[in-house]
Structures are given as C-alpha cells and as structure tokens.
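Okay, coords.cif is below, mmCIF, C-alpha atoms:
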data_query
loop_
_atom_site.label_atom_id
_atom_site.label_comp_id
_atom_site.auth_asym_id
_atom_site.auth_seq_id
_atom_site.Cartn_x
_atom_site.Cartn_y
_atom_site.Cartn_z
CA MET X 13 57.62 38.55 132.70
CA ALA X 14 57.53 41.74 130.70
CA THR X 15 57.99 41.42 126.96
CA PRO X 16 61.04 43.29 125.66
CA THR X 17 59.62 46.11 123.58
CA TYR X 18 62.21 48.87 123.14
CA LYS X 19 63.33 49.42 119.53
CA ALA X 20 66.24 51.76 118.93
CA LEU X 21 65.31 54.55 116.49
CA ALA X 22 68.19 57.01 116.72
CA THR X 23 70.91 58.17 119.07
CA THR X 24 73.66 60.73 119.22
CA THR X 25 76.49 61.55 121.58
CA LEU X 26 77.57 65.13 121.10
CA SER X 27 81.11 65.59 119.82
CA GLY X 28 80.63 69.37 119.90
CA THR X 29 78.30 71.66 121.78
CA ALA X 30 74.80 72.18 120.41
CA ALA X 31 71.86 74.36 121.37
CA SER X 32 69.23 72.05 119.95
CA ILE X 33 68.81 68.41 118.95
CA THR X 34 65.99 67.19 116.70
CA PHE X 35 64.73 63.71 115.91
CA SER X 36 62.81 63.80 112.63
CA SER X 37 61.28 61.38 110.09
CA ILE X 38 60.08 59.27 113.01
CA SER X 39 58.39 56.09 111.84
CA SER X 40 54.73 55.57 112.83
CA SER X 41 55.29 51.86 113.38
CA TYR X 42 55.20 51.89 117.18
CA ARG X 43 52.70 52.60 119.94
CA ASP X 44 54.75 54.96 122.13
CA LEU X 45 58.04 56.81 122.07
CA VAL X 46 60.67 57.05 124.80
CA ALA X 47 63.48 59.60 124.74
CA VAL X 48 66.46 59.58 127.10
CA VAL X 49 68.62 62.71 127.49
CA ASN X 50 71.62 62.40 129.78
CA GLY X 51 74.41 64.90 130.33
CA GLU X 52 75.34 68.47 131.11
CA LEU X 53 75.37 71.95 129.64
CA SER X 54 78.55 73.62 128.45
CA THR X 55 77.72 76.93 130.05
CA ALA X 56 76.82 78.31 133.43
CA ASN X 57 73.38 79.40 132.34
CA THR X 58 70.45 77.86 134.14
CA PRO X 59 67.87 77.40 131.40
CA ASP X 60 65.00 75.02 131.23
CA LEU X 61 65.10 72.11 128.80
CA GLN X 62 62.16 72.49 126.47
CA MET X 63 60.71 69.88 124.14
CA LYS X 64 58.74 70.74 121.00
CA ILE X 65 56.70 68.39 118.85
CA ASN X 66 56.60 68.79 115.06
CA ALA X 67 58.27 72.21 115.54
CA ASP X 68 55.03 73.55 117.02
CA SER X 69 55.59 76.60 119.25
CA SER X 70 52.17 76.50 120.89
CA ASN X 71 49.31 74.13 121.77
CA TYR X 72 51.00 72.79 124.91
CA SER X 73 49.77 72.55 128.48
CA GLN X 74 51.67 71.09 131.38
CA VAL X 75 51.37 70.33 135.08
CA PHE X 76 54.57 69.84 137.04
CA MET X 77 55.58 68.82 140.52
CA ARG X 78 59.07 69.04 141.94
CA GLY X 79 61.12 68.79 145.08
CA ASN X 80 64.53 70.15 145.95
CA GLY X 81 65.33 68.12 149.02
CA SER X 82 63.46 70.33 151.44
CA THR X 83 60.42 71.89 149.74
CA THR X 84 57.88 70.84 147.12
CA ALA X 85 56.13 72.82 144.42
CA SER X 86 53.51 72.30 141.72
CA GLY X 87 52.32 74.53 138.90
CA THR X 88 51.52 74.80 135.22
CA TYR X 89 53.12 75.93 131.96
CA THR X 90 52.00 76.35 128.39
CA ALA X 91 55.11 74.52 127.19
CA ILE X 92 56.81 71.16 127.74
CA ASN X 93 59.49 72.14 130.25
CA LEU X 94 61.46 69.15 131.46
CA ASN X 95 63.15 70.76 134.47
CA SER X 96 60.75 73.35 135.71
CA ALA X 97 63.08 74.94 138.24
CA SER X 98 65.47 75.96 135.42
CA THR X 99 68.51 74.64 137.21
CA TRP X 100 70.41 72.84 134.44
CA SER X 101 73.92 74.17 134.04
CA SER X 102 77.52 73.14 133.51
CA GLY X 103 78.72 70.57 136.02
CA ARG X 104 75.18 69.45 136.77
CA ARG X 105 74.50 65.98 135.44
CA TYR X 106 70.83 65.72 134.58
CA ASN X 107 68.94 62.80 133.15
CA HIS X 108 65.57 63.19 131.46
CA LEU X 109 63.21 60.33 130.65
CA VAL X 110 60.35 61.25 128.32
CA HIS X 111 57.39 59.03 127.36
CA ILE X 112 55.05 60.04 124.52
CA MET X 113 51.92 57.92 124.39
CA ASP X 114 50.03 56.98 121.19
CA TYR X 115 52.26 59.34 119.25
CA SER X 116 51.03 58.32 115.80
CA ALA X 117 47.30 58.44 116.60
CA THR X 118 45.31 60.97 114.58
CA ASP X 119 42.19 60.83 116.75
CA LYS X 120 43.57 62.15 120.01
CA HIS X 121 45.75 64.80 121.58
CA LYS X 122 49.15 63.54 122.71
CA THR X 123 50.16 62.92 126.32
CA VAL X 124 53.75 63.29 127.48
CA LEU X 125 54.96 62.03 130.85
CA ALA X 126 58.49 63.01 131.79
CA ARG X 127 61.06 63.08 134.54
CA GLY X 128 63.93 65.54 134.92
CA ASN X 129 66.50 64.46 137.51
CA TRP X 130 69.45 66.24 139.08
CA ALA X 131 70.58 64.61 142.30
CA GLY X 132 72.33 67.78 143.41
CA GLY X 133 69.33 70.03 143.04
CA ASP X 134 65.84 69.04 142.14
CA ILE X 135 63.61 66.31 140.87
CA ASN X 136 60.81 67.05 138.40
CA ALA X 137 57.81 65.05 137.25
CA THR X 138 55.62 66.49 134.50
CA ALA X 139 52.45 65.61 132.62
CA SER X 140 51.93 67.48 129.36
CA ARG X 141 49.44 67.61 126.53
CA TRP X 142 50.06 68.57 122.93
CA ALA X 143 46.66 69.71 121.65
CA SER X 144 46.95 68.29 118.18
CA THR X 145 45.62 65.22 116.39
CA ASN X 146 48.58 65.18 114.02
CA ALA X 147 50.94 62.24 114.28
CA VAL X 148 54.26 63.04 115.95
CA THR X 149 56.96 62.94 113.30
CA SER X 150 59.63 65.02 114.99
CA ILE X 151 60.65 66.09 118.47
CA SER X 152 63.30 68.59 119.43
CA PHE X 153 65.14 69.40 122.65
CA THR X 154 66.27 72.98 123.13
CA VAL X 155 67.74 75.13 125.87
CA ALA X 156 66.76 78.79 125.87
CA SER X 157 70.36 79.90 126.27
CA GLY X 158 73.72 78.17 126.27
CA SER X 159 74.40 74.74 124.79
CA PHE X 160 74.44 71.06 125.56
CA ALA X 161 77.92 69.91 126.56
CA ILE X 162 80.15 67.52 124.64
CA GLY X 163 79.31 63.96 125.64
CA THR X 164 75.64 64.59 126.30
CA THR X 165 73.58 61.73 124.87
CA PHE X 166 70.15 61.76 123.21
CA SER X 167 68.44 58.46 122.40
CA LEU X 168 65.00 57.72 120.98
CA TYR X 169 63.15 54.41 121.20
CA GLY X 170 59.91 53.05 119.82
CA ILE X 171 57.73 50.99 122.15
CA GLU X 172 55.64 48.21 120.68
CA ALA X 173 52.23 47.43 122.16
CA MET O 15 66.34 43.91 119.87
CA SER O 16 67.03 47.03 121.87
CA MET O 17 65.67 45.71 125.15
CA THR O 18 67.31 42.56 126.46
CA LEU O 19 66.48 40.55 129.55
CA ILE O 20 69.75 40.14 131.45
CA GLU O 21 68.65 38.48 134.65
CA HIS O 22 65.56 37.74 136.73
CA ILE O 23 65.83 36.76 140.39
CA GLU O 24 62.94 35.61 142.55
CA VAL O 25 63.42 35.06 146.26
CA GLY O 26 62.63 31.53 147.35
CA ALA O 27 61.16 30.06 150.50
CA GLY O 28 63.06 31.21 153.56
CA GLY O 29 63.68 34.71 152.18
CA ALA O 30 66.95 36.50 151.48
CA ASN O 31 68.46 39.65 152.95
CA GLU O 32 69.87 40.80 149.61
CA ILE O 33 69.02 40.51 145.94
CA VAL O 34 72.24 40.75 143.96
CA LEU O 35 72.49 41.40 140.23
CA ASP O 36 76.15 40.69 139.61
CA ASN O 37 78.55 40.42 136.66
CA ILE O 38 76.47 42.86 134.62
CA PRO O 39 77.94 42.91 131.09
CA ALA O 40 79.01 46.19 129.50
CA ASP O 41 77.12 45.37 126.30
CA TYR O 42 74.26 47.87 126.55
CA THR O 43 73.64 51.62 126.68
CA ASP O 44 71.31 51.88 129.69
CA LEU O 45 70.09 49.61 132.48
CA MET O 46 66.50 49.19 133.69
CA VAL O 47 65.49 47.28 136.81
CA VAL O 48 61.93 46.35 137.74
CA LEU O 49 61.38 45.26 141.34
CA SER O 50 58.52 43.66 143.24
CA THR O 51 59.48 43.46 146.91
CA ARG O 52 58.26 42.95 150.45
CA LEU O 53 60.34 42.79 153.62
CA SER O 54 59.90 40.88 156.85
CA SER O 55 60.57 43.00 159.91
CA SER O 56 57.85 44.26 162.24
CA SER O 57 57.20 47.67 160.68
CA THR O 58 54.57 48.73 158.14
CA PHE O 59 57.10 50.16 155.69
CA VAL O 60 60.88 49.81 155.45
CA SER O 61 63.07 51.80 153.07
CA LEU O 62 64.64 49.91 150.20
CA GLY O 63 68.17 50.75 149.08
CA MET O 64 70.38 49.98 146.10
CA PHE O 65 74.12 49.46 146.56
CA ILE O 66 76.16 50.09 143.39
CA ASN O 67 79.35 48.10 142.79
CA SER O 68 81.49 48.48 145.88
CA ALA O 69 80.38 52.05 146.43
CA ALA O 70 81.42 53.75 149.63
CA ALA O 71 79.73 56.99 150.60
CA ASP O 72 79.63 58.21 147.01
CA THR O 73 75.91 58.26 146.33
CA SER O 74 73.57 61.25 146.56
CA TRP O 75 69.85 61.52 145.93
CA ARG O 76 66.82 63.84 146.07
CA ARG O 77 63.42 62.48 146.95
CA LEU O 78 59.91 63.68 146.15
CA SER O 79 57.13 61.71 147.80
CA GLY O 80 53.41 61.74 148.45
CA ASN O 81 51.29 59.59 150.76
CA GLY O 82 47.76 60.61 149.88
CA SER O 83 47.60 63.56 152.24
CA SER O 84 50.87 65.47 151.90
CA ALA O 85 53.98 65.82 149.75
CA SER O 86 57.53 66.09 151.02
CA SER O 87 61.07 66.24 149.73
CA GLY O 88 64.35 65.06 151.19
CA SER O 89 67.95 64.41 150.22
CA ALA O 90 71.19 62.72 151.15
CA THR O 91 74.79 63.16 150.11
CA GLY O 92 77.71 60.87 150.80
CA ALA O 93 75.37 57.94 151.24
CA THR O 94 76.36 54.31 150.79
CA ASP O 95 72.99 53.33 149.32
CA TYR O 96 70.71 54.87 146.74
CA LEU O 97 67.20 55.19 148.18
CA ILE O 98 64.49 53.54 146.08
CA GLY O 99 61.35 53.77 148.19
CA ASP O 100 59.23 52.32 150.96
CA VAL O 101 58.51 48.61 150.91
CA PRO O 102 55.62 46.91 152.77
CA ASP O 103 56.71 45.06 155.85
CA SER O 104 55.15 42.49 158.15
CA SER O 105 52.63 44.95 159.58
CA ALA O 106 51.36 45.92 156.14
CA THR O 107 48.36 44.23 154.54
CA SER O 108 49.18 40.65 153.66
CA ASN O 109 50.41 39.97 150.14
CA THR O 110 51.05 43.64 149.31
CA PHE O 111 54.35 44.27 147.55
CA ALA O 112 56.14 47.44 146.47
CA ASN O 113 56.64 48.10 142.78
CA SER O 114 59.80 49.94 141.78
CA TYR O 115 61.44 50.98 138.54
CA VAL O 116 65.07 52.09 138.30
CA TYR O 117 66.74 53.52 135.17
CA ILE O 118 70.50 54.09 134.86
CA PRO O 119 71.52 55.81 131.60
CA ASN O 120 75.01 55.35 130.20
CA TYR O 121 76.01 52.90 132.92
CA THR O 122 79.37 52.09 131.33
CA SER O 123 80.50 55.69 130.83
CA SER O 124 83.50 57.16 132.63
CA ASN O 125 81.30 59.90 134.10
CA ALA O 126 79.35 59.80 137.32
CA LYS O 127 76.15 57.77 136.89
CA SER O 128 72.82 59.56 137.11
CA ILE O 129 69.81 57.52 138.21
CA SER O 130 66.04 57.88 137.99
CA SER O 131 63.55 55.77 139.91
CA ASP O 132 59.85 55.49 140.71
CA SER O 133 58.43 53.41 143.52
CA VAL O 134 55.16 52.82 145.28
CA GLY O 135 54.74 50.93 148.54
CA GLU O 136 51.27 49.49 148.46
CA ASN O 137 49.48 48.75 151.68
CA ASN O 138 45.86 48.58 150.53
CA ALA O 139 44.88 50.42 153.68
CA THR O 140 45.38 53.95 154.98
CA ALA O 141 48.99 54.30 153.87
CA SER O 142 50.55 54.12 150.44
CA ASN O 143 53.80 55.88 149.76
CA GLN O 144 54.74 56.99 146.27
CA ILE O 145 58.36 58.09 145.91
CA ILE O 146 60.37 59.36 142.95
CA ILE O 147 64.11 59.84 143.21
CA ALA O 148 66.89 61.61 141.30
CA GLY O 149 70.24 60.08 142.13
CA LEU O 150 73.92 60.21 141.32
CA CYS O 151 76.70 57.74 142.00
CA SER O 152 80.01 59.54 141.64
CA LYS O 153 81.90 56.38 140.71
CA THR O 154 83.37 56.62 137.22
CA ALA O 155 83.77 52.87 136.69
CA ALA O 156 81.11 50.97 134.79
CA VAL O 157 78.22 49.63 136.82
CA THR O 158 78.82 45.88 137.18
CA SER O 159 76.82 45.04 140.28
CA LEU O 160 73.54 46.17 141.87
CA THR O 161 72.59 44.95 145.33
CA PHE O 162 69.12 45.57 146.72
CA ARG O 163 68.61 45.50 150.50
CA SER O 164 66.98 47.41 153.31
CA TYR O 165 68.30 50.96 153.10
CA GLY O 166 71.26 51.94 155.23
CA GLY O 167 73.92 49.37 154.54
CA SER O 168 72.89 46.74 157.06
CA PRO O 169 71.02 43.99 155.26
CA THR O 170 69.53 42.40 158.34
CA ILE O 171 65.94 42.32 157.11
CA ASP O 172 64.89 39.59 154.73
CA PHE O 173 62.96 39.95 151.51
CA VAL O 174 60.00 37.59 151.66
CA GLN O 175 59.43 34.79 149.19
CA TYR O 176 58.32 35.93 145.72
CA SER O 177 60.13 39.24 145.95
CA SER O 178 61.85 39.72 142.61
CA ALA O 179 64.22 41.85 140.57
CA THR O 180 64.40 41.87 136.78
CA LEU O 181 67.30 43.52 134.97
CA TYR O 182 67.11 44.69 131.36
CA GLY O 183 69.74 46.16 129.09
CA ILE O 184 68.64 48.93 126.73
CA THR O 185 70.69 49.43 123.57
CA ALA O 186 70.56 52.71 121.68
CA GLY O 187 71.00 52.70 117.92
CA SER O 188 69.45 53.57 114.60
CA ASP O 189 66.48 52.19 112.67
CA GLY O 190 67.85 53.71 109.45
CA THR O 191 64.82 56.01 109.13
CA THR O 192 64.80 58.43 112.03
CA VAL O 193 67.12 61.40 111.52
CA VAL O 194 68.90 63.09 114.40
CA SER O 195 70.37 66.52 113.81
#
File written out as structure tokens:
Amino acid sequence: MATPTYKALATTTLSGTAASITFSSISSSYRDLVAVVNGELSTANTPDLQMKINADSSNYSQVFMRGNGSTTASGTYTAINLNSASTWSSGRRYNHLVHIMDYSATDKHKTVLARGNWAGGDINATASRWASTNAVTSISFTVASGSFAIGTTFSLYGIEA
Amino acid sequence: MSMTLIEHIEVGAGGANEIVLDNIPADYTDLMVVLSTRLSSSSTFVSLGMFINSAAADTSWRRLSGNGSSASSGSATGATDYLIGDVPDSSATSNTFANSYVYIPNYTSSNAKSISSDSVGENNATASNQIIIAGLCSKTAAVTSLTFRSYGGSPTIDFVQYSSATLYGITAGSDGTTVVS
C-alpha cells in the first residue's frame, strides 16, 4: 500500500482572468513538487502553456511527444511547454499534471515530467531539464497571449520521500 | 493530510467482472486511482475501461501509445467508457499485471471532468503496451462512482484474483508559506 505523501502548499481558483500565475516562497521541506492546472482560457487564442522556474527565461531543454487521435509527433524545445501543439483556447478544457523531482537539491539540474491533456484535441507528454543547481523556490505558469479563464484552478503539492 | 486513502479493493478467488468504487465522498479536490489488473479471457491483451457514474455516451478520449516498435494515436467520442489501457490476459506471461494511474482533477465541480491516465500492460515477452490518455466526461454532476471493467460496456471478462484498485482523495490547500499570485 502506497504511503499518502501529498502535502497541500497553495491553491487558487481564478475569480478573474489572469495571464500568469506564480507560486513563490516554496518551502524546501519536500522531495518533489506536483502542480495541477485544470481549466480553460478566456480567449480564442491558441497559445502554449509555458512554465518558468525561479523566473529564469533560459536554461531549459525539453523533449515532447504527442498524439492528436490520428498522428503522433516528437520534438524538442528550449523551454518548458506543457502543450506543445499550442491548442489551448476558450472552450477547451485542459488538465496539466507537472512533477518536479528533487526540486530543492543544489547538486543537480532539475527534471520536470509533465502531461498536458485535452480530450478534444491532443495529448502531450514532456520531459524537461532546468540546467541549474539552484533550489526551486518559485514556479510560474504563463500563456503567451490571452488569459486563463475564470474558474481555472492551480494547485501545488509537496511530495515527501 | 492532503492525500487520503478512500478505498482499496482486491479481487478474491473466483475473480470479478467489475471493480466498483462507489459512494465516493465529495470531500476532496481531486481523485487518484492506482490499478493493478489482469483479465481472464483467451487473448494476450484486453482493453480496460472506466465507467463514470451512470454515464451514457458522454465520454471522449485521445490516446497516445507505444509498443516498443511503433507509436500510434487514436480517439473516441460519445463513448460509454473511458479507455485506460491494455491489460494482460490469459495468453500473456503468467503473473504479469497491468499498472495504471488515473487522475481526475476537480471531480466535484459543475464543469465537465477532464481526466489524465497512464497505463502499461506488461507481458514480459515480445509485447508491452504503454498508453497515455487525455479524457473528458461531459457530465456536470460530481463523480460519485467509478467502475472498472473490460472496455466497451459489456463486463463479461473477469479480473483475476489479486487484481486491485486503490482510490485516493487529494485535497488542495495552503501550508501558510507558499504564496500564489
């Protein structure tokens, strides 16, 4: 039987639209972090959802794979893009599950495994690296254009080893 | 505690054609299910499905899968069941079980429910199917029941003994330190 390990760190349900959400002052008391983003955009744009660590604009590498119900694709980015096909828009309910391993370690680069799911369009699985030995103290979720819709939820958990 | 064990079911001797997690309380933010399953028909793999509440043709999903030699993608709309993955069957290597993980965020919300799942059907031979799924159940009522069975709405194939399903509730909240802005 698995040992219950999720510890709630912070959560928000948007009461107004927002272009970016940031979790900051993250405690170093856990082994891993899990973020859950569930909802829609307020606009008809189709931007990618991008995650940044400690407000760093570089030092990322990513491999993605995705399928859209008929074809598959794989490629790379120099950013953490959570839905690589850039298909998130209003009326499209996406969920994103993000795992950040050993986030407080100062002797290794950080690994991020994530899923971006839209049942009406595509399914994304990504593996990313943040090339820094700094501890993760903040993470932000941003869309390049448009905003997250009212009711979209963002939750962050700490995972104990 | 943000992660709470709600229920664990293990199939006994004689098997069972469904595993039902019923009367799920509305006390949590998200649901997580961990499955270890094997079925008992004469194939090598059989698809495993998840039936939500009393859903009727209101589930859609997109699949991305790999089997060691190729990748493929598929989809369904208006389905009765959510597809989870391929489960070893009687022709698969003895004692191999599929491992599956299902996550349902905001399961009590009045919106449609989005679903994420990962599954691998282990055969310890030439075939092993890894499948990830994005799903949506258009029902707006809270999720109160999850039924696992062979995919397609006809639970005529039994899970073998020791197949299991474990349901957790995940509760979002604040630790008083982390700031969200």
Residue list for chain X near chain O as an mmCIF file with C-alpha atoms, keeping the file's coordinate frame, 7 Å, only C-alpha atoms:
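Dumped to iface.cif:
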data_model
loop_
_atom_site.group_PDB
_atom_site.id
_atom_site.type_symbol
_atom_site.label_atom_id
_atom_site.label_comp_id
_atom_site.auth_asym_id
_atom_site.auth_seq_id
_atom_site.Cartn_x
_atom_site.Cartn_y
_atom_site.Cartn_z
ATOM 1 C CA PRO X 16 61.040 43.290 125.660
ATOM 2 C CA THR X 17 59.620 46.110 123.580
ATOM 3 C CA TYR X 18 62.210 48.870 123.140
ATOM 4 C CA LYS X 19 63.330 49.420 119.530
ATOM 5 C CA ALA X 20 66.240 51.760 118.930
ATOM 6 C CA LEU X 21 65.310 54.550 116.490
ATOM 7 C CA ALA X 22 68.190 57.010 116.720
ATOM 8 C CA THR X 23 70.910 58.170 119.070
ATOM 9 C CA ILE X 33 68.810 68.410 118.950
ATOM 10 C CA THR X 34 65.990 67.190 116.700
ATOM 11 C CA PHE X 35 64.730 63.710 115.910
ATOM 12 C CA SER X 36 62.810 63.800 112.630
ATOM 13 C CA SER X 37 61.280 61.380 110.090
ATOM 14 C CA ILE X 38 60.080 59.270 113.010
ATOM 15 C CA SER X 39 58.390 56.090 111.840
ATOM 16 C CA ASN X 50 71.620 62.400 129.780
ATOM 17 C CA ARG X 78 59.070 69.040 141.940
ATOM 18 C CA GLY X 79 61.120 68.790 145.080
ATOM 19 C CA ASN X 80 64.530 70.150 145.950
ATOM 20 C CA GLY X 81 65.330 68.120 149.020
ATOM 21 C CA SER X 82 63.460 70.330 151.440
ATOM 22 C CA THR X 83 60.420 71.890 149.740
ATOM 23 C CA THR X 84 57.880 70.840 147.120
ATOM 24 C CA ARG X 105 74.500 65.980 135.440
ATOM 25 C CA TYR X 106 70.830 65.720 134.580
ATOM 26 C CA ASN X 107 68.940 62.800 133.150
ATOM 27 C CA ASN X 129 66.500 64.460 137.510
ATOM 28 C CA TRP X 130 69.450 66.240 139.080
ATOM 29 C CA ALA X 131 70.580 64.610 142.300
ATOM 30 C CA ASP X 134 65.840 69.040 142.140
ATOM 31 C CA ILE X 135 63.610 66.310 140.870
ATOM 32 C CA SER X 167 68.440 58.460 122.400
#
task = Take atom CA of His111 of chain X and atom CA of Ser150 of chain X and report the distance between them in Å, one decimal.
result = 13.9 Å
ask   = How many Å lie between atom CA of Asn37 of chain O and atom CA of Asp172 of chain O, rounded to one decimal?
value = 22.7 Å
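In this model, the gap between atom CA of Ser68 of chain O and atom CA of Gly92 of chain O comes to 13.9 Å.
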query = Quick one: residues within 8 Å of segment 60-70 of chain X, all atoms listed in the file counted, chain neighbours fewer than 3 positions away excluded, as a ChimeraX atom specification?
reply = /X:90-100,142,148-156
key: Result set, the PyMOL selection byres ((chain O and resi 161) around 6) on current file, as a PyMOL selection string   = chain O and resi 33-34+64-65+160+162
task = Write out as a ChimeraX atom specification which residues come within 6 Å of Ala161 of chain X when counting all atoms listed in the file, dropping same-chain ones fewer than 5 positions away.
result = /X:29,52-54
Go ahead and write the selection's residues with C-alpha atoms as a PDB file, in the coordinates of the input.
ATOM      1  CA  THR X  29      78.300  71.660 121.780  1.00  0.00           C
ATOM      2  CA  GLU X  52      75.340  68.470 131.110  1.00  0.00           C
ATOM      3  CA  LEU X  53      75.370  71.950 129.640  1.00  0.00           C
ATOM      4  CA  SER X  54      78.550  73.620 128.450  1.00  0.00           C
TER       5      SER X  54
END
